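Colleague: Can you read through this structure? Questions will come right after.
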Amino acid sequence: MNVMVAGGAGYIGSHAAKLLADAGHEVVVVDNLFRGHRRAVDSRSTFYELDLADHKGLTEVLSKHEIECVMHFAALAEVGESVREPLSYYENNTAGTVTLLQAMEAAGTRRMVFSSTCATYGEPEITPITESEKQSPINPYGWSKWCVERVLKDYTAAKPDFAFVALRYFNVAGCAADGTLGEDHRPETHLIPLVLHSALGLRDKLTIFGTDYPTPDGTCIRDYVHVEDLCQAHILAMQALEPGDTRFYNLGIGCGYSVSEVFDAGRRVTGRDIPVEYGDRRPGDPAILFSDASKLRNDLAWEPHYTEIDEIVETAWRWFKDHPNGYGV
Ligand code: UFG
């Protein structure tokens, strides 16, 4: 299939482009390189430096390459930043997706696999979280993605030859098993990269945000899904789409690890000391977030390869220890 990967120079998009090319698809990557890295773009794909606001440019690329499906990863994805800069989130994540859909309409591309998030649930009432849990985001990032889900539903109702699947990610983690691709956010705020930076001596000390949560060790529990398992789910979802489909799936492994357990995994995998201090809760962090991913498993026969936190951290360590400066020189 001819697939456009929007945001294909970013962490998740670059892994998706690689796995799509491995599976024999023709891949076109578009990315504005605001947060993405040119070096992360798979060499087998055709690359365009384009912004989601560029309707004309997107339409030309979609038409020229006869794109059949767009995998849409291009988004700002920092919760704290979204609280400080909400307009950037609605502009890039929500309005940008509308422009992309308009370009797809102009070019006749009728399928989208959309990167949504468990942040659309906000503080869930019940865990594990199923797709029928009430969606009530607690930050602009979650709302900006929720809005896109709404747009996609309305658009498909109006144009039933269109189809989409929205995948609601939990905590995406790890790096390409062959060590070729990694995770390089600037600034970095995610737990596993920070733990590994600390193991490399790039940071003095990390803070565990909150030790008084109602969990067995008092620290937050999250569902860490390996980036390659997550990307395989995108390929399965893309292949399953039929005209008129409006699919929503939670994308996690269905079990959680605590922040302390992630630190312990980091120490075991790296064999290095990772100093820690204990701090206050980070505002907006729910205590426990993990998925019920049975809908995805049942509908698409998706099975994650990685379910142990040590294995996930191990794939990340392979890349981080060889790339202490990330994609930088
Ligand atoms: N944490 C620490 N110390 C740190 C960094 C993180 O204790 O220095 C903790 C957090 O408080 C949280 C856990 O580690 O309990 C994981 O934090 P991350 O920042 O790695 O990930 P989040 O769970 O906050 O965010 C993820 C995605 C978001 C998504 C969100 C949905 O990165 O894009 O899940 O809740 F919106």
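Naming scheme: A, B, ... for chains in displayed order of the structure tokens; residues 1 onward per chain; ligands 1 onward as shown.
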For ligand 1, return the neighbouring residues as a ChimeraX atom specification (distance at most 8 Å; only C-alpha atoms and all ligand atoms).
Modeller: /A:77-79,117-120,122,141-142,169-172,189-192,194-195,206-210,219-222,258-259,281-282,285-287,289
Colleague: What's the 12 Å shell around Leu101 (chain A), counting only C-alpha atoms, without same-chain residues fewer than 3 positions away, as a VMD selection string?
Modeller: chain A and resid 6 52 to 55 58 to 59 62 69 to 72 94 to 98 104 to 114 148 151 to 152 155 to 156 159 162 to 164
Colleague: Find, counting only C-alpha atoms, the residue in A:Ala23, A:Val29, A:Ala199, A:Ala166 that gets nearest to Val3 (chain A).
Modeller: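 Smallest separation from Val3 (chain A) among the options: A:Val29.
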Colleague: When distances are computed from only C-alpha atoms, which of A:Ser291, A:Ser63, A:Thr99, A:Ser14 shows the smallest separation from Asp51 (chain A)?
Modeller: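 The shortest atom-to-atom distance to Asp51 (chain A) comes from A:Thr99.
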